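To be precise, the following lines are model.cif, and they hold mmCIF, C-alpha atoms.
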```cif
data_model
loop_
_atom_site.label_atom_id
_atom_site.label_comp_id
_atom_site.auth_asym_id
_atom_site.auth_seq_id
_atom_site.Cartn_x
_atom_site.Cartn_y
_atom_site.Cartn_z
CA MET A 328 0.00 0.00 0.00
CA GLY A 329 1.52 3.36 0.61
CA LYS A 330 4.92 1.87 0.97
CA ILE A 331 7.54 3.34 -1.31
CA LYS A 332 10.22 0.89 -2.23
CA LEU A 333 13.51 2.58 -2.72
CA PRO A 334 15.63 1.05 -5.45
CA VAL A 335 18.62 -0.74 -4.01
CA LYS A 336 21.77 0.94 -5.15
CA THR A 337 25.31 -0.10 -4.64
CA PRO A 338 27.01 2.89 -3.06
CA ARG A 339 29.46 4.13 -5.54
CA ILE A 340 32.12 6.63 -4.57
CA ASP A 341 33.65 8.68 -7.27
CA MET A 342 37.34 8.06 -6.88
CA THR A 343 38.47 10.33 -9.67
CA PRO A 344 39.58 13.30 -7.51
CA MET A 345 41.39 10.97 -5.17
CA VAL A 346 43.15 9.28 -8.05
CA ASP A 347 44.01 12.66 -9.49
CA LEU A 348 45.59 13.68 -6.24
CA PHE A 349 47.43 10.39 -5.93
CA PHE A 350 48.93 10.71 -9.33
CA LEU A 351 49.90 14.28 -8.74
CA LEU A 352 51.72 13.34 -5.55
CA LEU A 353 53.20 10.28 -7.15
CA THR A 354 54.57 12.31 -10.04
CA PHE A 355 55.95 14.86 -7.62
CA PHE A 356 57.74 12.30 -5.51
CA MET A 357 59.01 10.40 -8.50
CA LEU A 358 60.54 13.49 -9.98
CA THR A 359 62.00 14.91 -6.80
CA THR A 360 63.39 11.67 -5.45
CA THR A 361 67.07 11.25 -5.31
CA PHE A 362 67.82 7.93 -3.86
CA ARG A 363 69.77 7.85 -0.70
CA PRO A 364 73.06 6.32 -1.69
CA GLN A 365 73.64 3.12 0.13
CA GLU A 366 76.68 3.45 2.29
CA ALA A 367 78.90 0.61 3.26
CA VAL A 368 78.78 1.69 6.85
CA GLN A 369 76.59 3.73 9.13
CA VAL A 370 78.27 7.07 9.76
CA ASP A 371 77.00 9.41 12.41
CA THR A 372 78.13 12.79 11.15
CA PRO A 373 78.88 15.65 13.54
CA LYS A 374 76.61 18.66 13.72
CA SER A 375 77.35 22.12 12.42
CA ILE A 376 75.54 25.31 11.51
CA SER A 377 76.65 25.11 7.89
CA GLU A 378 73.83 25.27 5.38
CA THR A 379 75.80 24.52 2.26
CA THR A 380 74.52 21.40 0.58
CA THR A 381 76.76 18.64 -0.67
CA PRO A 382 77.69 18.95 -4.30
CA GLU A 383 75.91 16.24 -6.24
CA ARG A 384 78.29 15.77 -9.09
CA HIS A 385 81.99 15.35 -9.42
CA ILE A 386 82.56 14.14 -5.95
CA ILE A 387 84.71 11.58 -4.23
CA THR A 388 83.30 10.52 -0.90
CA ILE A 389 85.64 9.29 1.78
CA LEU A 390 83.88 7.74 4.69
CA ILE A 391 85.56 7.32 8.03
CA SER A 392 83.70 5.04 10.34
CA LYS A 393 83.60 5.03 14.10
CA ASP A 394 86.17 2.25 14.24
CA ASN A 395 88.53 4.31 12.06
CA LYS A 396 88.13 2.36 8.87
CA VAL A 397 88.37 4.32 5.68
CA TYR A 398 85.91 3.75 2.86
CA TYR A 399 85.98 5.18 -0.59
CA ASN A 400 83.36 5.98 -3.16
CA VAL A 401 83.44 7.75 -6.48
CA ASP A 402 81.12 8.32 -9.39
CA GLN A 403 77.86 7.16 -7.94
CA GLY A 404 74.26 8.21 -8.22
CA ILE A 405 73.81 11.07 -10.65
CA ASP A 406 77.50 11.10 -11.30
CA THR A 407 77.34 7.74 -12.97
CA SER A 408 76.90 9.54 -16.28
CA GLU A 409 80.61 10.18 -16.20
CA HIS A 410 81.36 6.47 -16.23
CA ILE A 411 84.75 6.74 -14.65
CA ARG A 412 84.12 4.21 -11.91
CA GLY A 413 85.00 1.26 -14.09
CA LYS A 414 88.03 3.01 -15.50
CA VAL A 415 89.33 3.77 -12.04
CA LEU A 416 88.99 0.13 -11.05
CA GLN A 417 90.71 -1.02 -14.21
CA ALA A 418 93.57 1.40 -13.66
CA MET A 419 93.92 0.28 -10.06
CA GLY A 420 93.83 -3.32 -11.18
CA SER A 421 96.56 -2.86 -13.75
CA GLN A 422 98.71 -1.06 -11.21
CA TYR A 423 98.37 -3.79 -8.62
CA LYS A 424 98.44 -6.56 -11.27
CA ILE A 425 94.91 -7.73 -10.74
CA ARG A 426 92.79 -8.53 -13.75
CA PHE A 427 89.13 -7.63 -13.63
CA THR A 428 86.79 -9.19 -16.16
CA PRO A 429 84.40 -6.86 -18.04
CA GLU A 430 81.52 -8.40 -16.08
CA GLU A 431 83.21 -7.58 -12.80
CA ILE A 432 83.81 -4.00 -13.87
CA LYS A 433 80.20 -3.70 -14.94
CA LYS A 434 79.05 -5.04 -11.60
CA PHE A 435 81.43 -2.77 -9.75
CA GLU A 436 79.97 0.28 -11.47
CA GLY A 437 76.65 -0.35 -9.83
CA MET A 438 78.01 -0.92 -6.36
CA ALA A 439 78.34 1.42 -3.43
CA SER A 440 81.21 2.60 -1.28
CA PHE A 441 83.83 0.09 -0.29
CA GLY A 442 86.68 -0.20 2.11
CA MET A 443 89.19 -2.96 1.56
CA PRO A 444 92.64 -3.44 0.08
CA ILE A 445 92.66 -3.71 -3.68
CA THR A 446 93.57 -7.38 -3.43
CA GLN A 447 90.21 -8.01 -1.81
CA VAL A 448 88.09 -6.00 -4.24
CA LYS A 449 87.72 -8.89 -6.67
CA ALA A 450 86.39 -11.14 -3.95
CA TRP A 451 84.11 -8.34 -2.80
CA ILE A 452 82.60 -7.94 -6.26
CA ASP A 453 82.10 -11.65 -6.66
CA ALA A 454 80.71 -12.20 -3.18
CA PRO A 455 77.37 -13.97 -3.25
CA ASP A 456 75.43 -11.70 -0.92
CA GLN A 457 75.49 -8.52 1.10
CA SER A 458 76.39 -10.08 4.43
CA ALA A 459 79.45 -11.73 2.91
CA ARG A 460 80.44 -8.35 1.50
CA GLU A 461 80.08 -6.61 4.82
CA LYS A 462 82.61 -8.94 6.40
CA MET A 463 85.19 -7.90 3.85
CA GLN A 464 85.02 -4.22 4.69
CA VAL A 465 88.24 -3.79 6.62
CA GLY A 466 89.14 -0.30 5.45
CA ILE A 467 91.38 1.00 2.71
CA PRO A 468 95.06 0.98 3.71
CA ILE A 469 96.34 4.49 4.32
CA ASP A 470 99.76 3.74 5.83
CA SER A 471 102.72 5.32 4.17
CA THR A 472 104.04 1.89 3.19
CA ASP A 473 100.87 0.85 1.42
CA ASN A 474 98.91 3.98 0.62
CA GLN A 475 96.14 2.72 -1.60
CA LEU A 476 93.85 5.63 -0.83
CA THR A 477 96.29 7.93 -2.61
CA MET A 478 96.16 5.75 -5.68
CA TRP A 479 92.38 5.63 -5.69
CA ILE A 480 92.24 9.41 -5.49
CA ARG A 481 94.93 9.91 -8.10
CA TRP A 482 93.32 7.60 -10.63
CA ALA A 483 89.89 9.09 -10.10
CA ARG A 484 91.25 12.59 -10.52
CA SER A 485 93.21 11.62 -13.59
CA TYR A 486 89.94 10.71 -15.31
CA ASN A 487 87.97 13.65 -13.97
CA SER A 488 90.04 16.57 -12.80
CA ASN A 489 86.99 18.44 -11.49
CA LEU A 490 86.43 15.98 -8.70
CA GLU A 491 86.00 17.45 -5.26
CA VAL A 492 86.35 15.53 -2.07
CA ALA A 493 83.75 15.12 0.63
CA VAL A 494 85.00 13.70 3.89
CA LYS A 495 82.20 12.06 5.79
CA GLY A 496 83.56 11.17 9.15
CA ASP A 497 81.85 9.76 12.17
CA ALA A 498 81.83 12.09 15.17
CA GLY A 499 83.45 9.31 17.16
CA ALA A 500 86.29 8.67 14.72
CA ASP A 501 89.78 9.60 15.79
CA TYR A 502 91.01 12.96 14.60
CA LYS A 503 94.38 11.38 13.87
CA VAL A 504 92.85 9.25 11.13
CA VAL A 505 90.96 12.18 9.66
CA LYS A 506 94.11 14.25 9.77
CA LYS A 507 95.96 11.47 8.01
CA VAL A 508 93.31 11.33 5.30
CA MET A 509 93.44 15.10 4.93
CA ASP A 510 97.22 14.95 4.64
CA ILE A 511 96.92 12.36 1.90
CA LEU A 512 94.45 14.59 0.11
CA GLN A 513 96.73 17.58 0.44
CA ASP A 514 99.56 15.55 -1.00
CA ASN A 515 97.32 15.10 -4.02
CA ASN A 516 96.70 18.83 -4.24
CA VAL A 517 93.24 18.70 -2.79
CA ASN A 518 93.12 21.69 -0.49
CA LYS A 519 89.41 22.22 -0.32
CA PHE A 520 87.50 19.81 1.82
CA ASN A 521 83.82 19.33 2.24
CA LEU A 522 83.22 17.93 5.68
CA THR A 523 79.80 16.36 5.70
CA THR A 524 77.76 17.42 8.70
CA THR A 525 74.19 17.52 9.86
CA LEU A 526 72.51 20.85 10.26
CA GLU A 527 71.96 22.15 13.75
CA LYS A 528 70.76 25.70 14.16
CA VAL A 529 72.47 27.77 16.80
CA THR A 530 71.61 31.34 17.55
CA VAL A 531 74.06 33.33 19.52
CA LYS A 532 73.43 36.76 20.89
CA MET A 533 76.15 38.93 22.26
CA ASP A 534 76.08 38.95 26.01
CA LYS A 535 75.89 42.51 27.19
CA ASN A 536 78.09 41.76 30.21
CA LEU A 537 81.05 40.68 28.19
CA MET B 15 32.57 -2.34 -11.35
CA ALA B 16 33.98 -3.04 -14.76
CA GLU B 17 30.81 -3.75 -16.55
CA ILE B 18 31.24 -3.90 -20.22
CA ILE B 19 28.38 -6.17 -20.95
CA GLN B 20 28.10 -7.43 -24.42
CA ASP B 21 24.49 -7.91 -25.12
CA GLU B 22 24.93 -10.45 -27.86
CA GLY B 23 21.65 -12.33 -27.59
CA ALA B 24 19.45 -9.31 -27.99
CA GLY B 25 21.36 -8.15 -30.99
CA LYS B 26 20.93 -11.41 -32.86
CA LYS B 27 17.26 -11.66 -32.28
CA LYS B 28 16.21 -8.37 -33.60
CA GLY B 29 18.89 -8.10 -36.20
CA LYS B 30 19.24 -4.49 -35.34
CA ARG B 31 21.84 -3.47 -32.90
CA ARG B 32 20.59 -1.11 -30.37
CA ALA B 33 23.36 0.90 -28.90
CA LYS B 34 22.67 0.61 -25.25
CA LYS B 35 23.69 3.62 -23.33
CA HIS B 36 26.36 2.55 -20.95
CA SER B 37 28.16 4.91 -18.72
CA THR B 38 31.78 4.07 -19.39
CA HIS B 39 32.79 3.12 -15.93
CA ILE B 40 36.26 1.68 -15.64
CA ASP B 41 37.17 -0.02 -12.48
CA MET B 42 39.95 2.11 -11.10
CA THR B 43 40.63 0.11 -7.96
CA PRO B 44 43.74 -1.78 -9.13
CA MET B 45 45.17 1.39 -10.58
CA VAL B 46 44.55 3.26 -7.37
CA ASP B 47 46.11 0.44 -5.41
CA LEU B 48 49.21 0.61 -7.51
CA ALA B 49 49.41 4.38 -7.41
CA CYS B 50 48.99 4.31 -3.66
CA LEU B 51 51.70 1.71 -3.29
CA LEU B 52 54.15 3.64 -5.44
CA LEU B 53 53.28 6.85 -3.66
CA THR B 54 54.03 5.31 -0.30
CA PHE B 55 57.27 3.88 -1.61
CA PHE B 56 58.49 7.17 -2.98
CA MET B 57 57.39 9.08 0.08
CA LEU B 58 59.37 6.81 2.34
CA THR B 59 62.50 6.63 0.25
CA THR B 60 62.76 10.31 -0.58
CA ALA B 61 65.58 12.03 1.23
CA PHE B 62 64.47 15.59 1.59
CA SER B 63 67.16 16.86 3.84
CA LYS B 64 70.30 16.66 1.83
CA PRO B 65 73.43 16.31 3.89
CA LYS B 66 75.17 19.58 4.55
CA VAL B 67 78.83 20.24 4.19
CA MET B 68 81.25 22.46 5.96
CA GLU B 69 83.89 23.74 3.64
CA ILE B 70 87.40 24.23 4.81
CA ILE B 71 90.21 25.29 2.61
CA LEU B 72 93.67 24.56 3.88
CA PRO B 73 96.76 26.33 2.64
CA GLU B 74 98.81 24.48 0.10
CA LYS B 75 101.31 22.22 1.70
CA ASN B 76 104.15 22.22 -0.78
CA ASN B 77 103.92 25.78 -1.94
CA VAL B 78 104.47 27.90 1.11
CA PRO B 79 105.19 31.56 0.30
CA LYS B 80 108.51 32.77 1.62
CA ASN B 81 107.61 36.10 3.13
CA GLN B 82 104.77 35.31 5.41
CA PRO B 83 103.55 38.27 7.41
CA GLU B 84 104.40 38.22 11.07
CA VAL B 85 101.37 37.71 13.25
CA ALA B 86 100.80 40.16 16.06
CA GLY B 87 101.26 38.19 19.28
CA TRP B 88 98.46 39.88 21.18
CA ARG B 89 95.92 38.77 18.63
CA VAL B 90 96.82 35.11 18.80
CA LEU B 91 94.49 32.78 20.63
CA ASN B 92 95.63 29.20 20.82
CA ILE B 93 93.04 26.52 21.22
CA ILE B 94 94.16 23.01 21.98
CA LEU B 95 91.67 20.21 21.71
CA THR B 96 92.29 17.45 24.14
CA ASP B 97 90.73 14.20 25.33
CA ASN B 98 87.24 13.87 26.77
CA ASP B 99 85.88 16.81 24.76
CA LYS B 100 87.88 19.31 26.76
CA VAL B 101 89.47 22.42 25.33
CA LEU B 102 92.59 24.16 26.59
CA TRP B 103 93.44 27.68 25.54
CA TYR B 104 96.05 30.32 26.08
CA ASN B 105 96.81 33.74 24.67
CA GLY B 106 99.72 34.96 22.64
CA LYS B 107 102.85 33.35 21.35
CA ILE B 108 105.26 31.25 23.29
CA ASP B 109 108.49 33.03 24.12
CA PRO B 110 111.13 30.48 25.09
CA LYS B 111 112.83 33.03 27.33
CA LYS B 112 109.76 33.66 29.43
CA PRO B 113 107.78 31.20 31.52
CA LEU B 114 105.27 29.20 29.53
CA PRO B 115 101.76 30.63 29.37
CA VAL B 116 99.06 29.18 31.58
CA LEU B 117 96.50 26.90 30.02
CA THR B 118 92.85 27.38 30.84
CA GLU B 119 90.49 24.48 30.57
CA THR B 120 87.02 24.84 29.15
CA ASP B 121 84.55 22.86 27.04
CA PHE B 122 82.10 23.09 24.17
CA SER B 123 79.15 24.29 26.24
CA LYS B 124 77.46 27.65 25.79
CA ASP B 125 79.64 29.30 28.40
CA GLY B 126 82.72 27.43 27.35
CA ILE B 127 85.00 28.26 24.49
CA ARG B 128 82.28 30.24 22.77
CA LYS B 129 82.32 32.82 25.52
CA VAL B 130 86.08 33.21 25.17
CA LEU B 131 85.81 33.60 21.44
CA LEU B 132 82.95 36.08 21.61
CA GLN B 133 84.76 38.15 24.16
CA ARG B 134 87.78 38.41 21.92
CA ASN B 135 85.82 38.90 18.75
CA LYS B 136 83.26 41.31 20.17
CA ALA B 137 83.71 44.17 17.70
CA LEU B 138 83.46 42.09 14.56
CA PHE B 139 80.70 39.87 15.89
CA GLU B 140 78.52 42.84 16.77
CA ARG B 141 79.02 44.44 13.40
CA ILE B 142 78.10 41.28 11.54
CA ASP B 143 75.21 40.62 13.91
CA SER B 144 73.75 44.08 13.42
CA LEU B 145 74.08 43.69 9.69
CA ASN B 146 72.28 40.35 9.80
CA THR B 147 69.47 41.59 12.03
CA GLY B 148 69.18 44.71 9.90
CA VAL B 149 68.72 42.61 6.81
CA THR B 150 66.22 40.22 8.40
CA GLU B 151 64.17 43.04 9.87
CA GLY B 152 64.19 44.86 6.57
CA LYS B 153 66.05 47.93 7.77
CA ILE B 154 68.97 47.34 5.47
CA GLU B 155 68.12 46.38 1.94
CA LEU B 156 70.75 44.26 0.37
CA PRO B 157 70.55 41.32 -1.98
CA ARG B 158 71.54 38.03 -0.47
CA ASP B 159 74.80 37.77 -2.32
CA SER B 160 76.05 41.14 -1.21
CA VAL B 161 75.30 40.31 2.43
CA SER B 162 77.82 37.51 2.37
CA ALA B 163 80.20 39.69 0.37
CA GLU B 164 79.80 42.42 2.98
CA ILE B 165 80.50 39.95 5.79
CA LYS B 166 83.55 38.75 3.92
CA ARG B 167 84.76 42.31 3.58
CA MET B 168 84.18 43.00 7.27
CA LYS B 169 86.16 39.92 8.16
CA LYS B 170 88.98 40.92 5.87
CA GLU B 171 89.18 44.43 7.26
CA ASP B 172 89.05 43.32 10.84
CA LYS B 173 92.21 44.38 12.60
CA VAL B 174 91.50 43.58 16.24
CA GLY B 175 89.82 40.19 16.30
CA PRO B 176 91.70 37.10 17.39
CA ILE B 177 93.79 34.94 15.13
CA VAL B 178 92.84 31.50 16.31
CA LEU B 179 95.25 28.65 16.03
CA ILE B 180 93.53 25.33 16.38
CA LYS B 181 95.67 22.47 17.55
CA ALA B 182 94.75 18.95 18.40
CA ASP B 183 96.24 16.70 21.00
CA GLU B 184 96.39 12.93 20.61
CA ASN B 185 93.18 10.96 21.13
CA VAL B 186 90.94 13.76 19.96
CA LYS B 187 87.72 12.72 18.30
CA TYR B 188 86.79 14.03 14.89
CA GLY B 189 83.52 15.39 16.29
CA ASP B 190 85.45 17.82 18.49
CA PHE B 191 87.42 19.05 15.54
CA VAL B 192 84.24 19.79 13.60
CA ASP B 193 82.76 21.40 16.70
CA ILE B 194 85.62 23.85 17.06
CA ILE B 195 85.51 24.81 13.39
CA ASP B 196 81.80 25.25 13.82
CA GLU B 197 82.42 27.55 16.78
CA MET B 198 84.56 29.67 14.48
CA ALA B 199 81.62 30.00 12.13
CA ILE B 200 79.20 30.73 14.98
CA CYS B 201 81.42 33.41 16.48
CA ASN B 202 82.30 34.90 13.07
CA ILE B 203 86.00 34.50 13.63
CA ALA B 204 87.77 36.09 10.70
CA ARG B 205 91.06 34.28 10.88
CA TYR B 206 91.72 30.80 12.06
CA SER B 207 94.06 28.11 11.08
CA ILE B 208 94.69 24.47 11.85
CA VAL B 209 98.21 23.80 12.97
CA ASP B 210 100.20 21.10 14.67
CA LEU B 211 101.30 21.21 18.27
CA ASN B 212 104.83 22.38 18.88
CA SER B 213 107.16 20.88 21.44
CA TYR B 214 106.48 23.59 24.06
CA GLU B 215 102.80 23.01 23.84
CA LYS B 216 103.25 19.28 24.13
CA LYS B 217 105.16 19.92 27.31
CA MET B 218 102.52 22.33 28.55
CA ILE B 219 99.80 19.76 27.99
CA ALA B 220 101.82 17.07 29.71
CA ASP B 221 102.42 19.41 32.62
CA TYR B 222 98.80 20.38 32.73
CA LYS B 223 97.72 16.80 32.77
CA ALA B 224 100.18 16.11 35.53
CA GLY B 225 98.35 18.72 37.50
CA LYS B 226 100.79 21.58 37.57
CA SER B 227 99.31 23.56 34.73
CA GLY B 228 102.26 24.97 32.91
CA THR B 229 104.01 26.66 35.80
CA ALA B 230 107.27 24.93 35.11
CA PRO B 231 109.77 27.17 33.37
CA ALA B 232 110.64 26.38 29.81
CA THR B 233 113.73 24.36 29.16
CA LYS B 234 115.53 24.80 25.94
#
```
I'd like the structure from this file rewritten - as structure tokens, please.
Amino acid sequence: MGKIKLPVKTPRIDMTPMVDLFFLLLTFFMLTTTFRPQEAVQVDTPKSISETTTPERHIITILISKDNKVYYNVDQGIDTSEHIRGKVLQAMGSQYKIRFTPEEIKKFEGMASFGMPITQVKAWIDAPDQSAREKMQVGIPIDSTDNQLTMWIRWARSYNSNLEVAVKGDAGADYKVVKKVMDILQDNNVNKFNLTTTLEKVTVKMDKNL
Amino acid sequence: MAEIIQDEGAGKKKGKRRAKKHSTHIDMTPMVDLACLLLTFFMLTTAFSKPKVMEIILPEKNNVPKNQPEVAGWRVLNIILTDNDKVLWYNGKIDPKKPLPVLTETDFSKDGIRKVLLQRNKALFERIDSLNTGVTEGKIELPRDSVSAEIKRMKKEDKVGPIVLIKADENVKYGDFVDIIDEMAICNIARYSIVDLNSYEKKMIADYKAGKSGTAPATK
């Protein structure tokens, strides 16, 4: 009788605006993303008030871990367009009489920072997994008798003379080691250092009583 | 939701195809799922805060100019970094004929080495500070580039501020080294340099650690 039967409708939500928004955000993030380069070791950088950002291109990164191991990285991320990473390895290999196959060089180009004597690099590249690789990271020799860091820097700079150096040291690393690394760099005519730090704002007002 | 129904039977019977009005609804759920997943992935992996760098330029090692200007002794402030995040400082140059200067111990706190530096660098710091506040409050109109150029000029013209010599003892952590360079930036120190300890200073530190704080006369 006077009963009105409402037609049963499946509730439909218009998702178009949501999808629009999603795609907008997605596009934004995809375009702005620069992937965090995977480091061989966790480095807790000291804080400073400096607001200069790290140069993205033409940079050699030297990592100094808390246990004073030295790691080296060149030509990674955006820089890979330069394609000097493989050449550097090849040059190092020929100097230390180690032959790297083209496959190994190709693989090496895609890998991150490393810290081991050149004799171990081959094993590091061919290692089956990440945990095996981590065990090999014993630091690049920087003693005056076997200064491989110098050679790495020299070869890299011989292929790209615009390379700058960023020293990313752990706040707990010994200054002696950092000083040693800086001395090595100065011996290679690198006099401008970029010390990687984390930003920490400090405001200082002059004390009237002083 | 994806209903693209092909009404074949009806079409055959009547021989005449009746275009049925269908709202072209495409099921967007899988697409949205994927977009959402990618969005989350990119949001989480994006590194927004790029690491900062502190630039230091050291003088060339092998190419030292012959006629280096003599530094006025009264301007020199020596800072020696030492173990356990402590800082020792003394004024002036060491004269071997006179008793060794007395080391004062301080640290990286607000009233530590910063106070010493500010006290010594008062004139320059206040000038740069007033310039900075003037610019931020809009009283002084200068483009950003010329502000830093102006600060550079002020630093260059400064004739009374300290010349800080930073030295590091054994067993100093790298963090302390960065901290002290950072203090230089905070206090707007115009001139500072990183040097090695000399033998007198090594003796002073040893004496200080032994608890007699540099009172022993210098021995040649």
For the provided coordinates, the residues matched by the PyMOL selection byres ((chain B and resi 73) around 12) should be stated as a PDB file with C-alpha atoms, keeping the file's coordinate frame.
```pdb
ATOM      1  CA  MET A 509      93.440  15.100   4.930  1.00  0.00           C
ATOM      2  CA  ASP A 510      97.220  14.950   4.640  1.00  0.00           C
ATOM      3  CA  GLN A 513      96.730  17.580   0.440  1.00  0.00           C
ATOM      4  CA  ASP A 514      99.560  15.550  -1.000  1.00  0.00           C
ATOM      5  CA  ASN A 516      96.700  18.830  -4.240  1.00  0.00           C
ATOM      6  CA  VAL A 517      93.240  18.700  -2.790  1.00  0.00           C
ATOM      7  CA  ASN A 518      93.120  21.690  -0.490  1.00  0.00           C
ATOM      8  CA  LYS A 519      89.410  22.220  -0.320  1.00  0.00           C
ATOM      9  CA  PHE A 520      87.500  19.810   1.820  1.00  0.00           C
TER      10      PHE A 520
ATOM     11  CA  ILE B  70      87.400  24.230   4.810  1.00  0.00           C
ATOM     12  CA  ILE B  71      90.210  25.290   2.610  1.00  0.00           C
ATOM     13  CA  LEU B  72      93.670  24.560   3.880  1.00  0.00           C
ATOM     14  CA  GLU B  74      98.810  24.480   0.100  1.00  0.00           C
ATOM     15  CA  LYS B  75     101.310  22.220   1.700  1.00  0.00           C
ATOM     16  CA  ASN B  76     104.150  22.220  -0.780  1.00  0.00           C
ATOM     17  CA  ASN B  77     103.920  25.780  -1.940  1.00  0.00           C
ATOM     18  CA  VAL B  78     104.470  27.900   1.110  1.00  0.00           C
ATOM     19  CA  PRO B  79     105.190  31.560   0.300  1.00  0.00           C
ATOM     20  CA  TYR B 206      91.720  30.800  12.060  1.00  0.00           C
ATOM     21  CA  SER B 207      94.060  28.110  11.080  1.00  0.00           C
ATOM     22  CA  ILE B 208      94.690  24.470  11.850  1.00  0.00           C
ATOM     23  CA  VAL B 209      98.210  23.800  12.970  1.00  0.00           C
TER      24      VAL B 209
END
```
Starting from the displayed file, determine the output of the PyMOL selection byres ((chain B and resi 68) around 8) and express the residue list as a list in words.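 That selection, the PyMOL selection byres ((chain B and resi 68) around 8), comes back as Ser375, Ser377, Glu378, Thr379, Phe520, Asn521, Leu522, Thr523 and Thr524 of chain A; Lys66, Val67, Glu69 and Ile70 of chain B.
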Using only C-alpha atoms, which residues sit within 12 Å of Met42 of chain B once same-chain residues fewer than 5 positions away are excluded, as an mmCIF file with C-alpha atoms, in the coordinates of the input?
```cif
data_model
loop_
_atom_site.group_PDB
_atom_site.id
_atom_site.type_symbol
_atom_site.label_atom_id
_atom_site.label_comp_id
_atom_site.auth_asym_id
_atom_site.auth_seq_id
_atom_site.Cartn_x
_atom_site.Cartn_y
_atom_site.Cartn_z
ATOM 1 C CA ILE A 340 32.120 6.630 -4.570
ATOM 2 C CA ASP A 341 33.650 8.680 -7.270
ATOM 3 C CA MET A 342 37.340 8.060 -6.880
ATOM 4 C CA THR A 343 38.470 10.330 -9.670
ATOM 5 C CA PRO A 344 39.580 13.300 -7.510
ATOM 6 C CA MET A 345 41.390 10.970 -5.170
ATOM 7 C CA VAL A 346 43.150 9.280 -8.050
ATOM 8 C CA ASP A 347 44.010 12.660 -9.490
ATOM 9 C CA MET B 15 32.570 -2.340 -11.350
ATOM 10 C CA ALA B 16 33.980 -3.040 -14.760
ATOM 11 C CA ASP B 47 46.110 0.440 -5.410
ATOM 12 C CA LEU B 48 49.210 0.610 -7.510
ATOM 13 C CA ALA B 49 49.410 4.380 -7.410
ATOM 14 C CA CYS B 50 48.990 4.310 -3.660
#
```
Compile the contact shell of segment 194-202 of chain B as a ChimeraX atom specification: residues with an atom at most 9 Å away, counting only C-alpha atoms, same-chain residues fewer than 6 positions apart removed. /A:374-377,529-531 /B:68,70,93,95,122,127-128,131-132,135-136,138-139,142,169,178,180
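With distances restricted to only C-alpha atoms, B:Leu51 is the closest residue to chain A from B:Ile94, B:Leu156, B:Leu51, B:Leu114.
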Just how far from atom CA of Glu491 of chain A is atom CA of Ser160 of chain B, in Å to one decimal? 26.0 Å
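Distance-wise, atom CA of Asn487 of chain A and atom CA of Arg384 of chain A end up 11.0 Å apart.
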Selection result for the PyMOL selection byres ((chain B and resi 96) around 8) on this file, as an MDAnalysis selection string: chainID B and resid 94:95 97:102 182:186
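Rounded to one decimal, atom CA of Phe435 of chain A and atom CA of Gln417 of chain A lie 10.4 Å from each other.
With distances restricted to all atoms listed in the file, B:Lys124 is the closest residue to chain A from B:Lys166, B:Lys112, B:Lys124, B:Arg205.
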List every protein, DNA or RNA residue with an atom no more than 10 Å from (86.9, -5.5, 6.4) in the file's coordinates, counting all atoms listed in the file, and format the result as a VMD selection string. chain A and resid 396 to 398 441 to 444 447 460 to 467
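Comparing the minimum interatomic distances between Gly148 of chain B and each of B:Pro110, B:Val161, B:Ser37, B:Gly126, counting only C-alpha atoms, we find that B:Val161 sits nearest.
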Shell around Trp88 of chain B at 9 Å using all atoms listed in the file, local window under 4 positions removed, as a PyMOL selection string: chain B and resi 105-107+176
So which one's closest to chain A, B:Ile219, B:Leu211, B:Ile177, B:Leu52? Using only C-alpha atoms, please.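 Among the listed residues, B:Leu52 lies closest to chain A.
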Expected axis-aligned box over every listed atom of segment 417-431 of chain A, 6 Å added per side, centre plus edges in Å to one decimal, as AutoDock Vina command-line options:
```
--center_x 90.1 --center_y -3.9 --center_z -13.3 --size_x 29.2 --size_y 22.6 --size_z 21.4
```
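Of the residues under consideration (A:Thr388, A:Thr380, A:Asn395, A:Thr354), A:Thr380 shows the shortest atom-to-atom contact distance to chain B when counting only C-alpha atoms.
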Hey, which of A:Leu348, A:Ala498, A:Leu512, A:Ala483 ends up closest to chain B? Count only C-alpha atoms.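 Ranked by minimum distance to chain B, first place goes to A:Ala498.
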Hey, what's within 12 Å of Arg412 of chain A if we count all atoms listed in the file and toss same-chain stuff fewer than 4 positions away? As an MDAnalysis selection string, please? chainID A and resid 385:387 399:404 406:408 416:419 431:440 479:480 482:487
